[in-house]
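Quick look at query22.txt (compact mmCIF, C-alpha atoms):
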# COMPACT_ATOMS: atom_id res chain seq x y z
CA MET A 258 -13.75 24.25 6.15
CA GLY A 259 -10.26 22.75 6.34
CA LYS A 260 -7.03 24.68 6.46
CA ASP A 261 -5.34 25.70 3.23
CA LEU A 262 -2.45 23.24 3.35
CA LEU A 263 -0.58 24.97 0.55
CA ILE A 264 0.27 27.95 2.72
CA LEU A 265 1.45 25.93 5.70
CA THR A 266 5.14 25.37 6.41
CA ASP A 267 6.52 21.85 6.62
CA ASN A 268 6.56 21.99 10.40
CA GLU A 269 2.95 23.16 10.49
CA LEU A 270 2.00 20.33 8.15
CA VAL A 271 3.75 17.88 10.48
CA GLN A 272 1.62 19.14 13.35
CA GLU A 273 -1.49 18.66 11.19
CA ILE A 274 -0.45 15.10 10.37
CA LYS A 275 0.09 14.34 14.03
CA THR A 276 -3.48 15.36 14.72
CA GLY A 277 -4.61 12.80 12.14
CA ASN A 278 -4.85 14.90 8.99
CA ARG A 279 -3.39 12.62 6.34
CA LYS A 280 -4.04 15.15 3.60
CA ALA A 281 -1.27 17.20 5.16
CA PHE A 282 1.09 14.30 4.47
CA SER A 283 -0.08 14.26 0.87
CA GLU A 284 1.04 17.88 0.63
CA ILE A 285 4.43 16.95 2.13
CA VAL A 286 4.83 14.22 -0.50
CA LYS A 287 3.95 16.61 -3.31
CA ARG A 288 6.46 19.15 -2.06
CA HIS A 289 9.45 16.88 -1.66
CA GLN A 290 9.07 13.85 -3.90
CA LYS A 291 10.93 15.35 -6.84
CA SER A 292 13.97 16.56 -4.90
CA LEU A 293 14.07 13.29 -3.00
CA LEU A 294 13.94 11.33 -6.24
CA ARG A 295 16.77 13.39 -7.74
CA MET A 296 18.96 12.94 -4.69
CA SER A 297 18.21 9.22 -4.47
CA LEU A 298 19.00 8.82 -8.14
CA ARG A 299 22.43 10.34 -7.58
CA PHE A 300 23.10 7.65 -5.00
CA VAL A 301 21.61 4.55 -6.54
CA LYS A 302 21.85 5.46 -10.21
CA ASP A 303 18.80 3.49 -11.15
CA LEU A 304 15.37 5.09 -11.53
CA ASP A 305 13.39 2.08 -10.32
CA MET A 306 15.55 1.75 -7.25
CA ALA A 307 15.45 5.49 -6.64
CA GLU A 308 11.66 5.34 -6.81
CA ASP A 309 11.68 2.55 -4.23
CA VAL A 310 13.94 4.66 -2.02
CA VAL A 311 11.53 7.58 -2.25
CA GLN A 312 8.51 5.45 -1.42
CA GLU A 313 10.20 3.74 1.50
CA SER A 314 11.53 7.02 2.80
CA PHE A 315 8.12 8.64 2.88
CA ILE A 316 6.56 5.62 4.58
CA LYS A 317 9.34 5.59 7.20
CA ALA A 318 8.98 9.32 7.68
CA PHE A 319 5.25 8.94 8.25
CA GLU A 320 5.68 6.12 10.75
CA LYS A 321 8.47 7.90 12.60
CA LEU A 322 6.88 11.32 12.57
CA ASN A 323 6.84 11.44 16.36
CA ALA A 324 10.62 11.14 16.33
CA PHE A 325 10.89 14.39 14.36
CA GLU A 326 11.47 17.11 16.90
CA GLY A 327 11.95 20.02 14.55
CA ARG A 328 15.56 20.65 15.51
CA SER A 329 16.53 20.38 11.86
CA SER A 330 14.37 21.24 8.90
CA PHE A 331 11.86 18.63 7.86
CA LYS A 332 13.54 18.41 4.47
CA SER A 333 16.90 17.57 6.09
CA TRP A 334 15.23 14.94 8.21
CA LEU A 335 13.56 13.46 5.14
CA PHE A 336 16.84 13.49 3.22
CA GLN A 337 18.52 11.78 6.15
CA ILE A 338 15.99 8.95 5.96
CA ALA A 339 16.43 8.76 2.19
CA VAL A 340 20.24 8.66 2.36
CA ASN A 341 20.09 5.83 4.89
CA THR A 342 17.48 4.00 2.84
CA ALA A 343 19.60 4.41 -0.29
CA LYS A 344 22.66 3.08 1.52
CA ASN A 345 20.68 0.06 2.68
CA LYS A 346 19.45 -0.54 -0.85
CA LEU A 347 23.01 -0.36 -2.13
CA ARG A 348 24.10 -2.81 0.53
CA GLU A 349 21.34 -5.19 -0.53
CA ARG A 350 22.40 -4.81 -4.14
CA ARG A 351 26.02 -5.44 -3.20
CA ARG A 352 25.04 -8.71 -1.62
CA THR A 353 23.54 -9.78 -4.89
CA THR A 354 25.73 -8.05 -7.44
CA THR A 355 28.60 -5.62 -7.03
CA ASP A 356 30.59 -3.71 -4.47
CA ILE A 357 28.87 -0.75 -2.79
CA ASP A 358 31.89 1.40 -3.56
CA SER A 359 31.54 0.70 -7.23
CA VAL A 360 28.26 2.57 -7.28
CA GLN A 361 28.64 5.74 -9.22
CA LEU A 362 27.00 9.10 -9.08
CA ALA A 363 24.25 9.35 -11.59
CA VAL A 364 25.37 11.22 -14.64
CA GLY A 365 22.84 11.92 -17.30
CA ALA A 366 23.10 10.11 -20.55
CA VAL A 367 22.57 13.28 -22.49
CA ALA A 368 25.40 13.86 -24.95
CA GLU A 369 28.24 15.86 -23.47
CA SER A 370 28.80 19.34 -24.81
CA SER A 371 32.40 18.62 -25.68
CA LEU A 372 34.95 15.85 -25.66
CA VAL A 373 36.95 17.66 -23.00
CA HIS A 374 33.93 17.94 -20.80
CA SER A 375 33.15 14.31 -21.36
CA ALA A 376 36.66 13.20 -20.48
CA LEU A 377 36.75 15.42 -17.42
CA SER A 378 33.38 14.26 -16.21
CA GLN A 379 34.36 10.65 -16.60
CA GLU A 380 37.66 11.16 -14.83
CA ILE A 381 36.09 13.07 -11.99
CA GLN A 382 33.32 10.54 -11.78
CA GLU A 383 35.83 7.75 -11.37
CA GLU A 384 37.70 9.65 -8.68
CA ILE A 385 34.51 10.44 -6.79
CA ASP A 386 33.54 6.80 -6.90
CA LYS A 387 36.78 5.88 -5.17
CA LEU A 388 35.98 8.07 -2.17
CA PRO A 389 34.81 6.47 1.07
CA THR A 390 31.03 6.50 1.48
CA LYS A 391 30.87 9.34 4.05
CA GLN A 392 33.14 11.60 2.04
CA ARG A 393 31.23 10.85 -1.12
CA THR A 394 27.93 11.53 0.63
CA ALA A 395 29.17 14.90 1.89
CA LEU A 396 30.43 15.76 -1.58
CA ILE A 397 27.20 14.80 -3.33
CA LEU A 398 25.07 16.74 -0.89
CA ARG A 399 27.29 19.80 -1.04
CA VAL A 400 28.17 20.01 -4.71
CA TYR A 401 25.18 18.40 -6.34
CA GLU A 402 22.39 19.22 -3.90
CA ASP A 403 23.90 22.53 -2.84
CA LEU A 404 23.06 21.96 0.81
CA SER A 405 24.60 23.81 3.75
CA PHE A 406 26.96 21.99 6.10
CA LYS A 407 24.32 22.25 8.81
CA GLU A 408 21.88 20.38 6.56
CA ILE A 409 24.56 17.89 5.54
CA ALA A 410 25.38 17.26 9.20
CA ASP A 411 21.71 16.68 9.95
CA ILE A 412 21.36 14.31 7.03
CA MET A 413 24.55 12.40 7.81
CA GLU A 414 23.68 12.33 11.51
CA CYS A 415 27.04 13.71 12.49
CA PRO A 416 28.35 16.94 14.01
CA TYR A 417 28.77 20.00 11.81
CA ASP A 418 32.57 19.80 11.91
CA THR A 419 32.56 16.14 10.93
CA ALA A 420 30.40 16.88 7.90
CA LYS A 421 32.75 19.65 6.92
CA ALA A 422 35.81 17.47 7.52
CA ASN A 423 34.35 14.73 5.33
CA TYR A 424 33.79 17.23 2.56
CA ARG A 425 37.25 18.70 2.99
CA HIS A 426 38.88 15.26 2.89
CA ALA A 427 36.91 14.43 -0.23
CA LEU A 428 38.19 17.59 -1.92
CA MET A 429 41.75 16.89 -0.76
CA LYS A 430 41.67 13.40 -2.18
CA LEU A 431 40.28 14.63 -5.47
CA LYS A 432 42.87 17.38 -5.63
CA ASP A 433 45.73 14.96 -4.86
CA SER A 434 44.44 12.59 -7.43
CA PHE A 435 44.19 15.33 -10.07
CA GLU A 436 47.70 16.50 -9.26
CA GLN A 437 49.03 12.98 -9.52
CA LYS A 438 47.46 12.63 -12.91
CA SER A 439 48.87 15.98 -13.86
CA ASP A 440 52.40 14.82 -12.90
CA MET A 441 52.06 11.67 -14.93
CA SER A 442 50.55 13.50 -17.81
CA VAL A 443 53.71 14.14 -19.87
CA ALA A 444 53.82 10.63 -21.20
CA ASP A 445 50.19 9.99 -20.56
CA SER A 446 47.86 9.97 -23.49
CA PHE A 447 45.35 11.75 -21.34
CA GLY A 448 47.40 14.91 -21.36
CA GLY A 449 47.82 17.30 -18.44
CA PHE A 450 44.64 16.43 -16.69
CA TYR A 451 44.82 18.88 -13.85
CA SER A 452 45.95 21.71 -16.06
CA GLU A 453 43.16 20.78 -18.39
CA VAL A 454 40.77 21.00 -15.48
CA ALA A 455 42.20 24.37 -14.50
CA GLN A 456 41.87 25.59 -18.06
CA TYR A 457 38.34 24.33 -18.20
CA VAL A 458 37.52 26.20 -15.03
CA GLU A 459 39.06 29.36 -16.42
CA VAL A 460 37.22 29.02 -19.72
CA GLU A 461 33.92 28.38 -17.95
CA MET B 215 42.72 33.26 7.88
CA ASN B 216 39.71 31.52 9.26
CA PRO B 217 40.83 27.94 10.02
CA ARG B 218 37.38 26.74 9.03
CA SER B 219 37.54 28.14 5.53
CA LEU B 220 38.94 26.07 2.71
CA PRO B 221 42.50 26.68 1.51
CA THR B 222 42.83 28.21 -1.95
CA ASP B 223 43.78 24.96 -3.68
CA LEU B 224 40.75 23.18 -2.28
CA LYS B 225 38.56 26.10 -3.24
CA THR B 226 39.80 25.69 -6.81
CA THR B 227 38.88 22.01 -6.72
CA GLU B 228 35.48 22.90 -5.27
CA ARG B 229 34.90 25.58 -7.88
CA MET B 230 35.88 23.18 -10.62
CA LEU B 231 33.46 20.54 -9.39
CA LYS B 232 30.65 23.04 -9.11
CA ARG B 233 31.22 24.40 -12.59
CA LEU B 234 31.37 20.94 -14.06
CA GLU B 235 28.21 20.08 -12.17
CA ALA B 236 26.48 23.18 -13.53
CA ALA B 237 27.42 22.15 -17.04
CA GLU B 238 26.33 18.60 -16.32
CA PRO B 239 22.77 17.66 -17.20
CA GLU B 240 20.51 16.72 -14.31
CA PRO B 241 20.11 13.00 -13.71
CA GLN B 242 17.42 11.89 -16.04
CA LEU B 243 14.37 12.56 -13.99
CA PRO B 244 10.93 11.91 -15.40
CA GLU B 245 9.34 15.20 -16.38
CA SER B 246 5.75 14.10 -16.77
CA GLU B 247 3.39 15.38 -14.08
CA ASP B 248 1.52 12.10 -14.39
CA TYR B 249 4.60 10.23 -13.22
CA TYR B 250 4.75 12.27 -10.01
CA GLN B 251 1.02 12.04 -9.47
CA LEU B 252 1.28 8.26 -9.76
CA LEU B 253 4.26 8.17 -7.40
CA HIS B 254 2.35 10.35 -4.93
CA ASP B 255 -0.70 8.08 -5.15
CA LYS B 256 1.42 4.96 -4.57
CA ILE B 257 2.98 6.52 -1.50
CA MET B 258 -0.35 7.70 -0.10
CA ALA B 259 -1.95 4.29 -0.73
CA GLN B 260 0.74 2.74 1.46
CA VAL B 261 0.50 5.50 4.04
CA GLU B 262 -3.21 4.77 4.40
CA THR B 263 -2.32 1.34 5.76
CA LYS B 264 0.23 2.70 8.25
CA GLU B 265 0.01 4.34 11.62
CA ILE B 266 2.34 6.85 13.25
CA LYS B 267 4.44 5.04 15.82
CA PRO B 268 4.62 6.33 19.40
CA PRO B 269 7.58 8.60 20.23
CA PRO B 270 10.85 6.85 21.09
CA PRO B 271 11.68 6.44 24.80
CA PRO B 272 14.12 9.00 26.31
CA ILE B 273 16.90 6.39 26.61
CA ARG B 274 16.76 5.94 22.86
CA LYS B 275 17.15 9.68 22.37
CA THR B 276 20.23 9.66 24.62
CA GLN B 277 21.72 6.80 22.66
CA ASP B 278 21.08 8.65 19.41
CA LEU B 279 22.69 11.78 20.80
CA LEU B 280 25.73 9.82 21.91
CA LYS B 281 25.94 8.07 18.59
CA ARG B 282 25.70 11.34 16.73
CA HIS B 283 28.46 13.01 18.71
CA TRP B 284 30.72 10.08 19.45
CA ARG B 285 33.39 11.39 17.11
CA ASN B 286 33.54 14.62 19.06
CA GLY B 287 34.43 12.69 22.18
CA LEU B 288 31.04 12.93 23.84
CA TYR B 289 30.70 9.18 23.78
CA LEU B 290 34.16 8.80 25.32
CA VAL B 291 33.48 11.47 27.95
CA THR B 292 30.13 9.95 28.88
CA MET B 293 31.51 6.46 29.09
CA SER B 294 34.46 7.67 31.19
CA ALA B 295 32.09 9.52 33.49
CA LEU B 296 29.94 6.42 33.78
CA ALA B 297 33.00 4.29 34.57
CA ALA B 298 34.10 6.85 37.16
CA VAL B 299 30.69 6.86 38.82
CA ILE B 300 30.65 3.06 38.93
CA SER B 301 34.20 3.02 40.40
CA VAL B 302 33.36 5.60 43.05
CA LYS B 303 30.21 3.72 43.92
CA THR B 304 32.12 0.43 44.19
CA VAL B 305 34.88 1.98 46.32
CA GLY B 306 32.21 3.66 48.42
CA ASN B 307 30.59 0.32 49.12
CA ILE B 308 33.91 -1.23 50.10
CA ASP B 309 34.65 1.77 52.32
CA THR B 310 31.29 1.45 54.04
CA GLN B 311 31.89 -2.22 54.65
CA VAL B 312 35.36 -1.54 56.07
CA SER B 313 33.93 1.21 58.23
CA GLN B 314 31.27 -1.09 59.58
CA ASN B 315 33.82 -3.82 60.26
CA HIS B 316 35.84 -1.40 62.35
CA ALA B 317 32.73 -0.19 64.11
CA VAL B 318 33.54 3.35 63.08
CA VAL B 319 30.08 4.65 62.73
CA LYS B 320 29.47 8.16 61.65
CA PHE B 321 26.66 9.79 63.49
CA LYS B 322 24.62 12.53 62.06
CA ASN B 323 24.75 14.59 65.20
CA GLU B 324 28.08 13.92 66.86
CA ASP B 325 27.86 16.73 69.44
CA GLN B 326 24.51 15.53 70.61
CA LEU B 327 25.87 12.00 71.02
CA ILE B 328 28.93 13.15 72.99
CA GLY B 329 26.68 15.17 75.27
CA LEU B 330 24.51 12.15 75.77
CA LEU B 331 27.49 9.91 76.54
CA LYS B 332 28.89 12.38 79.07
CA ASN B 333 25.70 12.16 81.03
CA ALA B 334 25.16 8.44 80.58
CA PRO B 335 28.39 6.53 79.71
CA GLU B 336 26.60 3.19 79.72
CA VAL B 337 24.94 4.20 76.45
CA LEU B 338 28.32 3.82 74.66
CA ASP B 339 28.41 0.22 75.65
CA SER B 340 25.11 -0.50 74.01
CA THR B 341 26.05 1.62 71.00
CA VAL B 342 29.21 -0.36 70.39
CA LEU B 343 27.33 -3.58 70.94
CA SER B 344 24.76 -2.57 68.36
CA SER B 345 27.38 -2.76 65.62
CA TYR B 346 29.08 -5.79 67.07
CA ASN B 347 29.17 -8.86 64.94
CA SER B 348 30.18 -12.22 66.36
CA GLN B 349 32.32 -12.88 63.27
CA ASP B 350 33.97 -9.50 63.46
CA ILE B 351 37.47 -9.78 64.95
CA MET B 352 37.91 -6.03 64.99
CA GLY B 353 34.62 -5.67 66.81
CA ASP B 354 35.74 -8.22 69.36
CA ASP B 355 39.00 -6.42 69.84
CA LEU B 356 37.33 -3.06 70.22
CA TYR B 357 34.77 -4.39 72.62
CA SER B 358 37.38 -6.05 74.85
CA ASN B 359 39.65 -2.98 74.95
CA ILE B 360 37.14 -0.29 75.45
CA ASP B 361 37.46 1.64 78.66
CA LEU B 362 34.25 3.16 79.77
CA THR B 363 35.66 5.69 82.11
CA LYS B 364 34.50 9.23 82.38
CA ASP B 365 38.01 10.45 81.33
CA VAL B 366 37.85 8.66 78.01
CA ILE B 367 34.54 10.16 77.25
CA ASP B 368 35.72 13.59 78.31
CA SER B 369 38.62 13.33 75.92
CA MET B 370 36.30 12.75 72.97

Take the structure in this file and express it as structure tokens.
Amino acid sequence: MGKDLLILTDNELVQEIKTGNRKAFSEIVKRHQKSLLRMSLRFVKDLDMAEDVVQESFIKAFEKLNAFEGRSSFKSWLFQIAVNTAKNKLRERRRTTTDIDSVQLAVGAVAESSLVHSALSQEIQEEIDKLPTKQRTALILRVYEDLSFKEIADIMECPYDTAKANYRHALMKLKDSFEQKSDMSVADSFGGFYSEVAQYVEVE
Amino acid sequence: MNPRSLPTDLKTTERMLKRLEAAEPEPQLPESEDYYQLLHDKIMAQVETKEIKPPPPPIRKTQDLLKRHWRNGLYLVTMSALAAVISVKTVGNIDTQVSQNHAVVKFKNEDQLIGLLKNAPEVLDSTVLSSYNSQDIMGDDLYSNIDLTKDVIDSM
């Protein structure tokens, strides 16, 4: 009788796969496909493309399984492959359509709870889109995927401090941008954006 | 204050983003189980046609490590060390050549050689000749000026 794959950890499943048990990979796919799809969707903002990213990522992961040494978690390693695959997809898309930096974070089309929230989300979205790719990646993984800096560093293939610095720079740029908007806000129809943000945070 | 922790103003920005994110709906992910079953089946159908590739060679791992840490100066340090090793090696080669040209040969057991020469001075002649090169001016000079007296050898 075969092992109960459900109770095995990711690393144990990887060992099973390496011995030729492909069912173990099926379990890996079942465990991570949804989170991988959500993360990919945040990057590429298109469900079909995100699905392609997920498929390609799993295939690459399977083929490169011997390169996984278990120094990071399997999930981080998988996310790393997916982030790189998503970036490549975006590059391909840029060649045919628009700039890679114009790609936005995926924001659901569900109606916003309030106009303020809607305006804030849109503003923040635009500011995030202006960030350099590495800073934006760190921000997405930290804020939206709630990953640790260790995981982010593993995914971004950079040292821990670099991951943290990218995140910090992203926050600094956003903060500066909000403050700038706040300064201009007296005559601006948008109103005191940053103070509005602060109020929103307080209210929340 | 821990230099690694975020300053208060950045923490506010971070908190704001997180709260907005929490209020934000998830990206519109399909909810149907069938969708994920189909996705899983597509992936597994492709996996069936693939094989796990052999592990990467160690040199590749080193390159990856360097690439990963190049911002922390590891790349720079390694490359500098490599350049230094190459320089030392090159200078070492030149030095060896110069040494040979001047017939200054380092023996492994100098004391033993001196003892040998004291007893049989004619051995020095053949030793010098062994490193003599007809195109070597310094060798010529050395050979012509060498004085194979017992006193010279004693003074060594």

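Candidate residues A:Ala339, A:Leu398, A:Leu431, A:Cys415 were compared for distance to Glu380 of chain A, and the nearest is A:Leu431, using all atoms listed in the file.
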
| request: To one decimal in Å, tell me the separation between atom CA of Ser297 of chain A and atom CA of Thr263 of chain B. | output: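 Separation between atom CA of Ser297 of chain A and atom CA of Thr263 of chain B: 24.3 Å.
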
Give me, as CSV, each residue of chain A that comes within 7 Å of chain B, together with its shortest interatomic pair and the distance in Å at one decimal, counting all atoms listed in the file, with rows ordered by chain and rising residue number.
residue,atom,partner,partner_atom,distance
A:Ser283,CA,B:Met258,CA,6.6
A:Val286,CA,B:His254,CA,6.4
A:Lys287,CA,B:His254,CA,6.7
A:Arg295,CA,B:Leu243,CA,6.7
A:Gln312,CA,B:Ile257,CA,5.6
A:Ile316,CA,B:Val261,CA,6.1
A:Phe319,CA,B:Ile266,CA,6.2
A:Glu320,CA,B:Ile266,CA,4.2
A:Lys321,CA,B:Lys267,CA,5.9
A:Leu322,CA,B:Ile266,CA,6.4
A:Asn323,CA,B:Pro269,CA,4.9
A:Ala324,CA,B:Pro269,CA,5.6
A:Ala363,CA,B:Pro241,CA,5.9
A:Val364,CA,B:Pro241,CA,5.6
A:Gly365,CA,B:Pro241,CA,4.6
A:Val367,CA,B:Pro239,CA,6.9
A:Val400,CA,B:Lys232,CA,5.9
A:Tyr401,CA,B:Glu235,CA,6.8
A:Glu414,CA,B:Arg282,CA,5.7
A:Cys415,CA,B:Arg282,CA,5.0
A:Pro416,CA,B:His283,CA,6.1
A:Leu428,CA,B:Leu224,CA,6.2
A:Met429,CA,B:Leu224,CA,6.5
A:Lys432,CA,B:Thr227,CA,6.2
A:Val458,CA,B:Met230,CA,5.6
